[in-house]
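Have a look at coords_28.tsv; it's TSV, N, CA and C atoms:
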```
chain	number	residue	atom	x	y	z
A	107	MET	N	104.44	112.55	116.82
A	107	MET	CA	103.95	111.47	115.98
A	107	MET	C	105.13	110.58	115.62
A	108	THR	N	104.94	109.29	115.82
A	108	THR	CA	106.00	108.33	115.52
A	108	THR	C	105.72	107.64	114.19
A	109	ILE	N	106.70	106.90	113.72
A	109	ILE	CA	106.53	106.17	112.46
A	109	ILE	C	105.50	105.05	112.63
A	110	LYS	N	105.37	104.51	113.84
A	110	LYS	CA	104.35	103.49	114.09
A	110	LYS	C	102.95	104.09	113.98
A	111	GLU	N	102.78	105.30	114.47
A	111	GLU	CA	101.48	105.97	114.37
A	111	GLU	C	101.13	106.25	112.91
A	112	VAL	N	102.13	106.66	112.12
A	112	VAL	CA	101.91	106.90	110.69
A	112	VAL	C	101.52	105.59	110.01
A	113	GLY	N	102.23	104.51	110.32
A	113	GLY	CA	101.90	103.21	109.76
A	113	GLY	C	100.50	102.76	110.13
A	114	TYR	N	100.08	103.06	111.36
A	114	TYR	CA	98.73	102.69	111.81
A	114	TYR	C	97.68	103.47	111.03
A	115	ILE	N	97.93	104.76	110.83
A	115	ILE	CA	96.97	105.58	110.07
A	115	ILE	C	96.88	105.08	108.63
A	116	ILE	N	98.02	104.71	108.03
A	116	ILE	CA	98.00	104.18	106.67
A	116	ILE	C	97.22	102.87	106.64
A	117	LYS	N	97.44	102.02	107.63
A	117	LYS	CA	96.75	100.72	107.68
A	117	LYS	C	95.25	100.90	107.84
A	118	ARG	N	94.82	101.89	108.60
A	118	ARG	CA	93.40	102.12	108.86
A	118	ARG	C	92.82	103.26	108.03
A	119	TYR	N	93.52	103.67	106.99
A	119	TYR	CA	93.11	104.81	106.16
A	119	TYR	C	91.70	104.65	105.61
A	120	ARG	N	91.38	103.47	105.13
A	120	ARG	CA	90.07	103.24	104.53
A	120	ARG	C	88.93	103.43	105.52
A	121	HIS	N	89.21	103.25	106.82
A	121	HIS	CA	88.20	103.49	107.85
A	121	HIS	C	88.17	104.94	108.29
A	122	ILE	N	89.31	105.60	108.25
A	122	ILE	CA	89.44	106.96	108.75
A	122	ILE	C	88.94	108.00	107.74
A	123	LYS	N	89.25	107.80	106.46
A	123	LYS	CA	89.00	108.81	105.42
A	123	LYS	C	87.55	109.30	105.36
A	124	PRO	N	86.53	108.42	105.41
A	124	PRO	CA	85.16	108.93	105.37
A	124	PRO	C	84.82	109.85	106.54
A	125	TYR	N	85.38	109.57	107.70
A	125	TYR	CA	85.12	110.41	108.87
A	125	TYR	C	85.86	111.74	108.77
A	126	VAL	N	87.02	111.74	108.12
A	126	VAL	CA	87.76	112.99	107.91
A	126	VAL	C	86.96	113.89	106.97
A	127	LYS	N	86.39	113.28	105.91
A	127	LYS	CA	85.57	114.06	104.97
A	127	LYS	C	84.35	114.66	105.65
A	128	ASP	N	83.75	113.90	106.59
A	128	ASP	CA	82.56	114.37	107.30
A	128	ASP	C	82.88	115.27	108.48
A	129	LYS	N	84.18	115.46	108.75
A	129	LYS	CA	84.66	116.29	109.85
A	129	LYS	C	84.14	115.81	111.20
A	130	ALA	N	84.15	114.49	111.38
A	130	ALA	CA	83.73	113.90	112.64
A	130	ALA	C	84.86	113.95	113.66
A	131	GLU	N	84.50	113.76	114.93
A	131	GLU	CA	85.51	113.79	115.98
A	131	GLU	C	86.24	112.46	116.10
A	132	ASN	N	85.56	111.37	115.82
A	132	ASN	CA	86.13	110.03	115.95
A	132	ASN	C	85.77	109.18	114.75
A	133	ALA	N	86.68	108.30	114.39
A	133	ALA	CA	86.39	107.29	113.36
A	133	ALA	C	86.07	105.99	114.10
A	134	VAL	N	84.94	105.39	113.77
A	134	VAL	CA	84.50	104.17	114.43
A	134	VAL	C	84.41	103.08	113.38
A	135	TYR	N	85.02	101.94	113.67
A	135	TYR	CA	84.90	100.79	112.79
A	135	TYR	C	84.95	99.53	113.63
A	136	TYR	N	84.49	98.45	113.03
A	136	TYR	CA	84.45	97.17	113.73
A	136	TYR	C	85.38	96.18	113.06
A	137	SER	N	86.13	95.47	113.87
A	137	SER	CA	86.99	94.41	113.39
A	137	SER	C	86.59	93.16	114.17
A	138	GLY	N	85.94	92.23	113.47
A	138	GLY	CA	85.37	91.10	114.18
A	138	GLY	C	84.20	91.62	115.01
A	139	ASN	N	84.22	91.32	116.29
A	139	ASN	CA	83.19	91.83	117.20
A	139	ASN	C	83.69	92.99	118.04
A	140	ARG	N	84.85	93.50	117.70
A	140	ARG	CA	85.44	94.58	118.49
A	140	ARG	C	85.19	95.93	117.84
A	141	LYS	N	84.85	96.87	118.65
A	141	LYS	CA	84.64	98.24	118.20
A	141	LYS	C	85.93	99.02	118.41
A	142	HIS	N	86.40	99.68	117.37
A	142	HIS	CA	87.62	100.48	117.45
A	142	HIS	C	87.24	101.95	117.21
A	143	VAL	N	87.80	102.81	118.03
A	143	VAL	CA	87.55	104.25	117.90
A	143	VAL	C	88.90	104.94	117.74
A	144	ILE	N	89.03	105.70	116.66
A	144	ILE	CA	90.25	106.46	116.39
A	144	ILE	C	89.89	107.94	116.43
A	145	PRO	N	90.48	108.70	117.36
A	145	PRO	CA	90.20	110.14	117.39
A	145	PRO	C	90.79	110.83	116.16
A	146	ILE	N	89.98	111.69	115.56
A	146	ILE	CA	90.41	112.43	114.37
A	146	ILE	C	91.05	113.74	114.86
A	147	THR	N	92.38	113.76	114.86
A	147	THR	CA	93.11	114.95	115.29
A	147	THR	C	93.65	115.68	114.05
A	148	ASP	N	94.28	116.81	114.29
A	148	ASP	CA	94.88	117.56	113.19
A	148	ASP	C	95.97	116.74	112.50
A	149	LYS	N	96.71	115.96	113.28
A	149	LYS	CA	97.77	115.13	112.71
A	149	LYS	C	97.20	114.04	111.82
A	150	VAL	N	96.10	113.44	112.23
A	150	VAL	CA	95.46	112.39	111.41
A	150	VAL	C	94.96	112.99	110.10
A	151	ILE	N	94.36	114.15	110.19
A	151	ILE	CA	93.88	114.83	108.98
A	151	ILE	C	95.05	115.17	108.06
A	152	ALA	N	96.15	115.63	108.64
A	152	ALA	CA	97.33	115.98	107.83
A	152	ALA	C	97.91	114.75	107.15
A	153	VAL	N	97.97	113.62	107.85
A	153	VAL	CA	98.50	112.39	107.24
A	153	VAL	C	97.61	111.95	106.08
A	154	CYS	N	96.30	112.06	106.24
A	154	CYS	CA	95.38	111.72	105.15
A	154	CYS	C	95.60	112.64	103.94
A	155	GLU	N	95.82	113.92	104.20
A	155	GLU	CA	96.10	114.87	103.11
A	155	GLU	C	97.42	114.54	102.42
A	156	ILE	N	98.43	114.17	103.19
A	156	ILE	CA	99.73	113.80	102.63
A	156	ILE	C	99.60	112.58	101.74
A	157	ILE	N	98.86	111.58	102.20
A	157	ILE	CA	98.66	110.36	101.41
A	157	ILE	C	97.96	110.69	100.09
A	158	ASP	N	96.93	111.51	100.15
A	158	ASP	CA	96.21	111.90	98.93
A	158	ASP	C	97.12	112.66	97.97
A	159	GLU	N	97.95	113.55	98.52
A	159	GLU	CA	98.87	114.32	97.68
A	159	GLU	C	99.92	113.44	97.02
A	160	ILE	N	100.46	112.48	97.77
A	160	ILE	CA	101.43	111.55	97.19
A	160	ILE	C	100.79	110.76	96.08
A	161	TYR	N	99.57	110.29	96.29
A	161	TYR	CA	98.88	109.48	95.28
A	161	TYR	C	98.68	110.28	93.99
A	162	VAL	N	98.34	111.55	94.11
A	162	VAL	CA	98.11	112.38	92.93
A	162	VAL	C	99.42	112.66	92.19
A	163	ARG	N	100.52	112.84	92.91
A	163	ARG	CA	101.79	113.23	92.29
A	163	ARG	C	102.57	112.07	91.68
A	164	VAL	N	102.22	110.83	92.02
A	164	VAL	CA	102.97	109.68	91.52
A	164	VAL	C	102.68	109.50	90.03
A	165	ASP	N	103.74	109.27	89.25
A	165	ASP	CA	103.58	109.13	87.81
A	165	ASP	C	103.40	107.69	87.36
A	166	GLU	N	104.08	106.76	88.00
A	166	GLU	CA	104.07	105.37	87.56
A	166	GLU	C	102.76	104.69	87.98
A	167	ASP	N	102.19	103.93	87.05
A	167	ASP	CA	100.93	103.24	87.34
A	167	ASP	C	101.09	102.16	88.39
A	168	TRP	N	102.21	101.43	88.36
A	168	TRP	CA	102.37	100.34	89.32
A	168	TRP	C	102.53	100.87	90.74
A	169	VAL	N	103.09	102.08	90.89
A	169	VAL	CA	103.20	102.68	92.22
A	169	VAL	C	101.81	103.12	92.69
A	170	ARG	N	101.03	103.66	91.78
A	170	ARG	CA	99.65	104.01	92.13
A	170	ARG	C	98.85	102.79	92.54
A	171	ASN	N	99.05	101.69	91.83
A	171	ASN	CA	98.36	100.46	92.20
A	171	ASN	C	98.80	99.97	93.58
A	172	LEU	N	100.08	100.12	93.87
A	172	LEU	CA	100.58	99.75	95.20
A	172	LEU	C	99.92	100.60	96.27
A	173	ILE	N	99.89	101.90	96.08
A	173	ILE	CA	99.29	102.80	97.06
A	173	ILE	C	97.79	102.52	97.18
A	174	LYS	N	97.14	102.34	96.06
A	174	LYS	CA	95.71	102.05	96.08
A	174	LYS	C	95.43	100.76	96.84
A	175	GLY	N	96.28	99.76	96.65
A	175	GLY	CA	96.12	98.49	97.36
A	175	GLY	C	96.37	98.64	98.85
A	176	LEU	N	97.36	99.44	99.22
A	176	LEU	CA	97.64	99.66	100.64
A	176	LEU	C	96.48	100.36	101.33
A	177	LEU	N	95.80	101.22	100.61
A	177	LEU	CA	94.72	102.00	101.20
A	177	LEU	C	93.35	101.34	101.07
A	178	SER	N	93.29	100.19	100.41
A	178	SER	CA	92.02	99.50	100.22
A	178	SER	C	91.93	98.31	101.16
A	179	TYR	N	90.97	97.45	100.90
A	179	TYR	CA	90.75	96.28	101.75
A	179	TYR	C	91.61	95.09	101.35
A	180	LYS	N	92.52	95.26	100.41
A	180	LYS	CA	93.35	94.14	99.97
A	180	LYS	C	94.39	93.78	101.03
A	181	THR	N	94.58	92.48	101.20
A	181	THR	CA	95.63	92.03	102.10
A	181	THR	C	96.97	92.10	101.36
A	182	ASP	N	98.05	91.98	102.11
A	182	ASP	CA	99.38	92.01	101.50
A	182	ASP	C	99.55	90.86	100.51
A	183	VAL	N	99.05	89.69	100.87
A	183	VAL	CA	99.20	88.52	100.00
A	183	VAL	C	98.46	88.75	98.68
A	184	LYS	N	97.26	89.30	98.74
A	184	LYS	CA	96.48	89.58	97.53
A	184	LYS	C	97.21	90.58	96.64
A	185	GLN	N	97.83	91.58	97.25
A	185	GLN	CA	98.57	92.57	96.47
A	185	GLN	C	99.80	91.96	95.82
A	186	ILE	N	100.50	91.11	96.55
A	186	ILE	CA	101.69	90.47	95.99
A	186	ILE	C	101.31	89.64	94.77
A	187	ILE	N	100.17	89.00	94.83
A	187	ILE	CA	99.69	88.21	93.69
A	187	ILE	C	99.34	89.12	92.52
A	188	ASP	N	98.70	90.26	92.80
A	188	ASP	CA	98.21	91.15	91.74
A	188	ASP	C	99.31	92.02	91.12
A	189	LEU	N	100.32	92.39	91.89
A	189	LEU	CA	101.33	93.32	91.41
A	189	LEU	C	102.52	92.57	90.82
A	190	PRO	N	103.27	93.22	89.94
A	190	PRO	CA	104.32	92.52	89.19
A	190	PRO	C	105.67	92.43	89.90
A	191	TYR	N	105.69	92.20	91.19
A	191	TYR	CA	106.98	92.01	91.85
A	191	TYR	C	106.86	91.03	93.01
A	192	GLU	N	108.00	90.62	93.50
A	192	GLU	CA	108.08	89.57	94.51
A	192	GLU	C	107.78	90.10	95.91
A	193	LYS	N	107.70	89.17	96.84
A	193	LYS	CA	107.34	89.47	98.22
A	193	LYS	C	108.28	90.48	98.86
A	194	ASN	N	109.57	90.26	98.76
A	194	ASN	CA	110.54	91.16	99.38
A	194	ASN	C	110.47	92.56	98.77
A	195	ALA	N	110.32	92.62	97.46
A	195	ALA	CA	110.22	93.92	96.79
A	195	ALA	C	108.95	94.65	97.25
A	196	PHE	N	107.86	93.92	97.41
A	196	PHE	CA	106.61	94.53	97.87
A	196	PHE	C	106.80	95.15	99.25
A	197	TYR	N	107.36	94.39	100.18
A	197	TYR	CA	107.53	94.91	101.53
A	197	TYR	C	108.54	96.05	101.59
A	198	ASP	N	109.56	96.02	100.75
A	198	ASP	CA	110.50	97.14	100.67
A	198	ASP	C	109.80	98.40	100.18
A	199	ARG	N	108.98	98.27	99.16
A	199	ARG	CA	108.26	99.45	98.62
A	199	ARG	C	107.20	99.94	99.58
A	200	LYS	N	106.57	99.04	100.29
A	200	LYS	CA	105.58	99.43	101.30
A	200	LYS	C	106.28	100.23	102.41
A	201	LYS	N	107.44	99.76	102.84
A	201	LYS	CA	108.19	100.47	103.87
A	201	LYS	C	108.65	101.83	103.36
A	202	GLN	N	109.06	101.92	102.10
A	202	GLN	CA	109.46	103.20	101.52
A	202	GLN	C	108.29	104.18	101.49
A	203	PHE	N	107.09	103.67	101.21
A	203	PHE	CA	105.90	104.54	101.19
A	203	PHE	C	105.63	105.08	102.59
A	204	VAL	N	105.68	104.22	103.60
A	204	VAL	CA	105.46	104.66	104.98
A	204	VAL	C	106.53	105.68	105.37
A	205	ASN	N	107.77	105.45	104.99
A	205	ASN	CA	108.84	106.39	105.30
A	205	ASN	C	108.64	107.72	104.59
A	206	LEU	N	108.15	107.69	103.36
A	206	LEU	CA	107.88	108.93	102.62
A	206	LEU	C	106.80	109.75	103.32
A	207	VAL	N	105.74	109.10	103.75
A	207	VAL	CA	104.68	109.81	104.48
A	207	VAL	C	105.24	110.37	105.78
A	208	TYR	N	106.07	109.59	106.46
A	208	TYR	CA	106.69	110.05	107.71
A	208	TYR	C	107.60	111.26	107.47
A	209	GLN	N	108.37	111.24	106.41
A	209	GLN	CA	109.24	112.37	106.09
A	209	GLN	C	108.41	113.62	105.79
A	210	CYS	N	107.27	113.45	105.15
A	210	CYS	CA	106.38	114.59	104.91
A	210	CYS	C	105.84	115.14	106.23
A	211	CYS	N	105.55	114.24	107.18
A	211	CYS	CA	105.11	114.68	108.51
A	211	CYS	C	106.21	115.45	109.22
A	212	ILE	N	107.44	115.01	109.05
A	212	ILE	CA	108.58	115.73	109.64
A	212	ILE	C	108.68	117.12	109.01
A	213	ALA	N	108.53	117.20	107.69
A	213	ALA	CA	108.63	118.48	106.99
A	213	ALA	C	107.53	119.44	107.43
A	214	ARG	N	106.37	118.91	107.76
A	214	ARG	CA	105.26	119.77	108.21
A	214	ARG	C	105.34	120.10	109.70
A	215	GLY	N	106.30	119.51	110.39
A	215	GLY	CA	106.50	119.86	111.80
A	215	GLY	C	105.67	119.05	112.79
A	216	PHE	N	105.18	117.89	112.40
A	216	PHE	CA	104.39	117.07	113.30
A	216	PHE	C	105.23	116.11	114.14
A	217	VAL	N	106.52	116.05	113.86
A	217	VAL	CA	107.41	115.14	114.58
A	217	VAL	C	108.45	115.99	115.32
A	218	SER	N	108.58	115.71	116.61
A	218	SER	CA	109.55	116.47	117.40
A	218	SER	C	110.95	115.87	117.25
A	219	TYR	N	111.92	116.66	117.62
A	219	TYR	CA	113.32	116.23	117.54
A	219	TYR	C	113.57	115.02	118.43
A	220	GLU	N	112.95	114.99	119.60
A	220	GLU	CA	113.12	113.88	120.53
A	220	GLU	C	112.54	112.58	119.95
A	221	GLU	N	111.41	112.68	119.25
A	221	GLU	CA	110.81	111.49	118.63
A	221	GLU	C	111.71	110.93	117.54
A	222	ILE	N	112.35	111.78	116.79
A	222	ILE	CA	113.27	111.32	115.74
A	222	ILE	C	114.47	110.60	116.38
A	223	LEU	N	115.02	111.19	117.43
A	223	LEU	CA	116.19	110.59	118.09
A	223	LEU	C	115.83	109.30	118.85
A	224	SER	N	114.59	109.14	119.25
A	224	SER	CA	114.21	107.96	120.02
A	224	SER	C	113.96	106.73	119.14
A	225	GLN	N	114.01	106.88	117.83
A	225	GLN	CA	113.79	105.75	116.94
A	225	GLN	C	114.96	104.79	117.02
A	226	LYS	N	114.63	103.52	116.92
A	226	LYS	CA	115.67	102.48	116.94
A	226	LYS	C	116.36	102.44	115.58
A	227	ILE	N	117.66	102.24	115.61
A	227	ILE	CA	118.43	102.18	114.38
A	227	ILE	C	118.32	100.80	113.75
A	228	PHE	N	118.33	99.76	114.58
A	228	PHE	CA	118.22	98.39	114.07
A	228	PHE	C	117.05	97.70	114.67
```

As a first step, turn the structure in this file into structure tokens.
Amino acid sequence: MTIKEVGYIIKRYRHIKPYVKDKAENAVYYSGNRKHVIPITDKVIAVCEIIDEIYVRVDEDWVRNLIKGLLSYKTDVKQIIDLPYEKNAFYDRKKQFVNLVYQCCIARGFVSYEEILSQKIF
């Protein structure tokens, strides 16, 4: 599992989560006139569990609002307007959240050593 895959799951979390609860094999959603199918694997289920656990453990309300906004239908621009920080700070915190989920995936053993080494530094 790569950091791009984790970011994709976070981006599509609102579409995936109901299918994970129903224990379906695939998550199906439509974007425009296109049908998208995401297979529900053990890794996808684990990432959803990690996201839920992070959300529960966070103490600060503004961080919860950030996570809630990332997992909802709000666009980045709408969140920047609603939350009390600037554009650069929002994207930095969003990247930190994705990295935190990725680190949890590493701790659970979903990321191989080769995948970690294959990441670009810059």

May I ask for the distance between atom CA of Tyr114 of chain A and atom CA of Val204 of chain A, given in Å to one decimal place? 9.8 Å

With only C-alpha atoms as the counted atoms, please give the residues lying no more than 9 Å from segment 185-187 of chain A, apart from itself and same-chain residues fewer than 3 positions off, as JSON, numbers by chain. {"A": [171, 172, 175, 176, 180, 181, 182, 190, 191, 192, 193, 196]}

Interatomic distance, atom CA of Ala213 of chain A to atom N of Ile115 of chain A (Å, one decimal): 17.8 Å

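Pairwise distance (atom N of Tyr136 of chain A, atom CA of Val162 of chain A) equals 28.0 Å.
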
Determine which residues of segment 139-220 of chain A DSSP labels as helix (DSSP H, G or I) from the backbone of this structure, then write them out as a compact mmCIF listing (two decimals) with N, CA and C atoms, keeping the file's coordinate frame.
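Here's the written file selection_23.txt:
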```txt
# COMPACT_ATOMS: atom_id res chain seq x y z
N ASP A 148 94.28 116.81 114.29
CA ASP A 148 94.88 117.56 113.19
C ASP A 148 95.97 116.74 112.50
N LYS A 149 96.71 115.96 113.28
CA LYS A 149 97.77 115.13 112.71
C LYS A 149 97.20 114.04 111.82
N VAL A 150 96.10 113.44 112.23
CA VAL A 150 95.46 112.39 111.41
C VAL A 150 94.96 112.99 110.10
N ILE A 151 94.36 114.15 110.19
CA ILE A 151 93.88 114.83 108.98
C ILE A 151 95.05 115.17 108.06
N ALA A 152 96.15 115.63 108.64
CA ALA A 152 97.33 115.98 107.83
C ALA A 152 97.91 114.75 107.15
N VAL A 153 97.97 113.62 107.85
CA VAL A 153 98.50 112.39 107.24
C VAL A 153 97.61 111.95 106.08
N CYS A 154 96.30 112.06 106.24
CA CYS A 154 95.38 111.72 105.15
C CYS A 154 95.60 112.64 103.94
N GLU A 155 95.82 113.92 104.20
CA GLU A 155 96.10 114.87 103.11
C GLU A 155 97.42 114.54 102.42
N ILE A 156 98.43 114.17 103.19
CA ILE A 156 99.73 113.80 102.63
C ILE A 156 99.60 112.58 101.74
N ILE A 157 98.86 111.58 102.20
CA ILE A 157 98.66 110.36 101.41
C ILE A 157 97.96 110.69 100.09
N ASP A 158 96.93 111.51 100.15
CA ASP A 158 96.21 111.90 98.93
C ASP A 158 97.12 112.66 97.97
N GLU A 159 97.95 113.55 98.52
CA GLU A 159 98.87 114.32 97.68
C GLU A 159 99.92 113.44 97.02
N ILE A 160 100.46 112.48 97.77
CA ILE A 160 101.43 111.55 97.19
C ILE A 160 100.79 110.76 96.08
N TYR A 161 99.57 110.29 96.29
CA TYR A 161 98.88 109.48 95.28
C TYR A 161 98.68 110.28 93.99
N VAL A 162 98.34 111.55 94.11
CA VAL A 162 98.11 112.38 92.93
C VAL A 162 99.42 112.66 92.19
N ARG A 163 100.52 112.84 92.91
CA ARG A 163 101.79 113.23 92.29
C ARG A 163 102.57 112.07 91.68
N ASP A 167 102.19 103.93 87.05
CA ASP A 167 100.93 103.24 87.34
C ASP A 167 101.09 102.16 88.39
N TRP A 168 102.21 101.43 88.36
CA TRP A 168 102.37 100.34 89.32
C TRP A 168 102.53 100.87 90.74
N VAL A 169 103.09 102.08 90.89
CA VAL A 169 103.20 102.68 92.22
C VAL A 169 101.81 103.12 92.69
N ARG A 170 101.03 103.66 91.78
CA ARG A 170 99.65 104.01 92.13
C ARG A 170 98.85 102.79 92.54
N ASN A 171 99.05 101.69 91.83
CA ASN A 171 98.36 100.46 92.20
C ASN A 171 98.80 99.97 93.58
N LEU A 172 100.08 100.12 93.87
CA LEU A 172 100.58 99.75 95.20
C LEU A 172 99.92 100.60 96.27
N ILE A 173 99.89 101.90 96.08
CA ILE A 173 99.29 102.80 97.06
C ILE A 173 97.79 102.52 97.18
N LYS A 174 97.14 102.34 96.06
CA LYS A 174 95.71 102.05 96.08
C LYS A 174 95.43 100.76 96.84
N GLY A 175 96.28 99.76 96.65
CA GLY A 175 96.12 98.49 97.36
C GLY A 175 96.37 98.64 98.85
N LEU A 176 97.36 99.44 99.22
CA LEU A 176 97.64 99.66 100.64
C LEU A 176 96.48 100.36 101.33
N LEU A 177 95.80 101.22 100.61
CA LEU A 177 94.72 102.00 101.20
C LEU A 177 93.35 101.34 101.07
N ASP A 182 98.05 91.98 102.11
CA ASP A 182 99.38 92.01 101.50
C ASP A 182 99.55 90.86 100.51
N VAL A 183 99.05 89.69 100.87
CA VAL A 183 99.20 88.52 100.00
C VAL A 183 98.46 88.75 98.68
N LYS A 184 97.26 89.30 98.74
CA LYS A 184 96.48 89.58 97.53
C LYS A 184 97.21 90.58 96.64
N GLN A 185 97.83 91.58 97.25
CA GLN A 185 98.57 92.57 96.47
C GLN A 185 99.80 91.96 95.82
N ILE A 186 100.50 91.11 96.55
CA ILE A 186 101.69 90.47 95.99
C ILE A 186 101.31 89.64 94.77
N ILE A 187 100.17 89.00 94.83
CA ILE A 187 99.69 88.21 93.69
C ILE A 187 99.34 89.12 92.52
N ASP A 188 98.70 90.26 92.80
CA ASP A 188 98.21 91.15 91.74
C ASP A 188 99.31 92.02 91.12
N LYS A 193 107.70 89.17 96.84
CA LYS A 193 107.34 89.47 98.22
C LYS A 193 108.28 90.48 98.86
N ASN A 194 109.57 90.26 98.76
CA ASN A 194 110.54 91.16 99.38
C ASN A 194 110.47 92.56 98.77
N ALA A 195 110.32 92.62 97.46
CA ALA A 195 110.22 93.92 96.79
C ALA A 195 108.95 94.65 97.25
N PHE A 196 107.86 93.92 97.41
CA PHE A 196 106.61 94.53 97.87
C PHE A 196 106.80 95.15 99.25
N TYR A 197 107.36 94.39 100.18
CA TYR A 197 107.53 94.91 101.53
C TYR A 197 108.54 96.05 101.59
N ASP A 198 109.56 96.02 100.75
CA ASP A 198 110.50 97.14 100.67
C ASP A 198 109.80 98.40 100.18
N ARG A 199 108.98 98.27 99.16
CA ARG A 199 108.26 99.45 98.62
C ARG A 199 107.20 99.94 99.58
N LYS A 200 106.57 99.04 100.29
CA LYS A 200 105.58 99.43 101.30
C LYS A 200 106.28 100.23 102.41
N LYS A 201 107.44 99.76 102.84
CA LYS A 201 108.19 100.47 103.87
C LYS A 201 108.65 101.83 103.36
N GLN A 202 109.06 101.92 102.10
CA GLN A 202 109.46 103.20 101.52
C GLN A 202 108.29 104.18 101.49
N PHE A 203 107.09 103.67 101.21
CA PHE A 203 105.90 104.54 101.19
C PHE A 203 105.63 105.08 102.59
N VAL A 204 105.68 104.22 103.60
CA VAL A 204 105.46 104.66 104.98
C VAL A 204 106.53 105.68 105.37
N ASN A 205 107.77 105.45 104.99
CA ASN A 205 108.84 106.39 105.30
C ASN A 205 108.64 107.72 104.59
N LEU A 206 108.15 107.69 103.36
CA LEU A 206 107.88 108.93 102.62
C LEU A 206 106.80 109.75 103.32
N VAL A 207 105.74 109.10 103.75
CA VAL A 207 104.68 109.81 104.48
C VAL A 207 105.24 110.37 105.78
N TYR A 208 106.07 109.59 106.46
CA TYR A 208 106.69 110.05 107.71
C TYR A 208 107.60 111.26 107.47
N GLN A 209 108.37 111.24 106.41
CA GLN A 209 109.24 112.37 106.09
C GLN A 209 108.41 113.62 105.79
N CYS A 210 107.27 113.45 105.15
CA CYS A 210 106.38 114.59 104.91
C CYS A 210 105.84 115.14 106.23
N CYS A 211 105.55 114.24 107.18
CA CYS A 211 105.11 114.68 108.51
C CYS A 211 106.21 115.45 109.22
N ILE A 212 107.44 115.01 109.05
CA ILE A 212 108.58 115.73 109.64
C ILE A 212 108.68 117.12 109.01
N ALA A 213 108.53 117.20 107.69
CA ALA A 213 108.63 118.48 106.99
C ALA A 213 107.53 119.44 107.43
N TYR A 219 111.92 116.66 117.62
CA TYR A 219 113.32 116.23 117.54
C TYR A 219 113.57 115.02 118.43
N GLU A 220 112.95 114.99 119.60
CA GLU A 220 113.12 113.88 120.53
C GLU A 220 112.54 112.58 119.95
```

Strand (DSSP E) per DSSP on the backbone: members of segment 142-171 of chain A, as a list in words: His142, Val143, Ile144 and Pro145 of chain A

Name the residues, using the chain letters and numbers of the file, that sit within 8 Å of (85.5, 104.8, 117.3) when counting only N, CA and C atoms, and give them as a PyMOL selection string. chain A and resi 131-136+141-145

For segment 125-177 of chain A versus segment 214-223 of chain A, which residues have an atom no more than 12 Å away, and what is each residue's nearest atom pair and distance in Å rounded to one decimal, using only C-alpha atoms, chain-then-number order, as CSV?
```
residue,atom,partner,partner_atom,distance
A:Thr147,CA,A:Phe216,CA,11.6
A:Asp148,CA,A:Phe216,CA,9.5
A:Lys149,CA,A:Phe216,CA,6.9
A:Val150,CA,A:Phe216,CA,10.3
A:Ile151,CA,A:Phe216,CA,11.6
A:Ala152,CA,A:Arg214,CA,8.8
A:Val153,CA,A:Phe216,CA,9.7
A:Glu155,CA,A:Arg214,CA,11.6
A:Ile156,CA,A:Arg214,CA,9.9
```
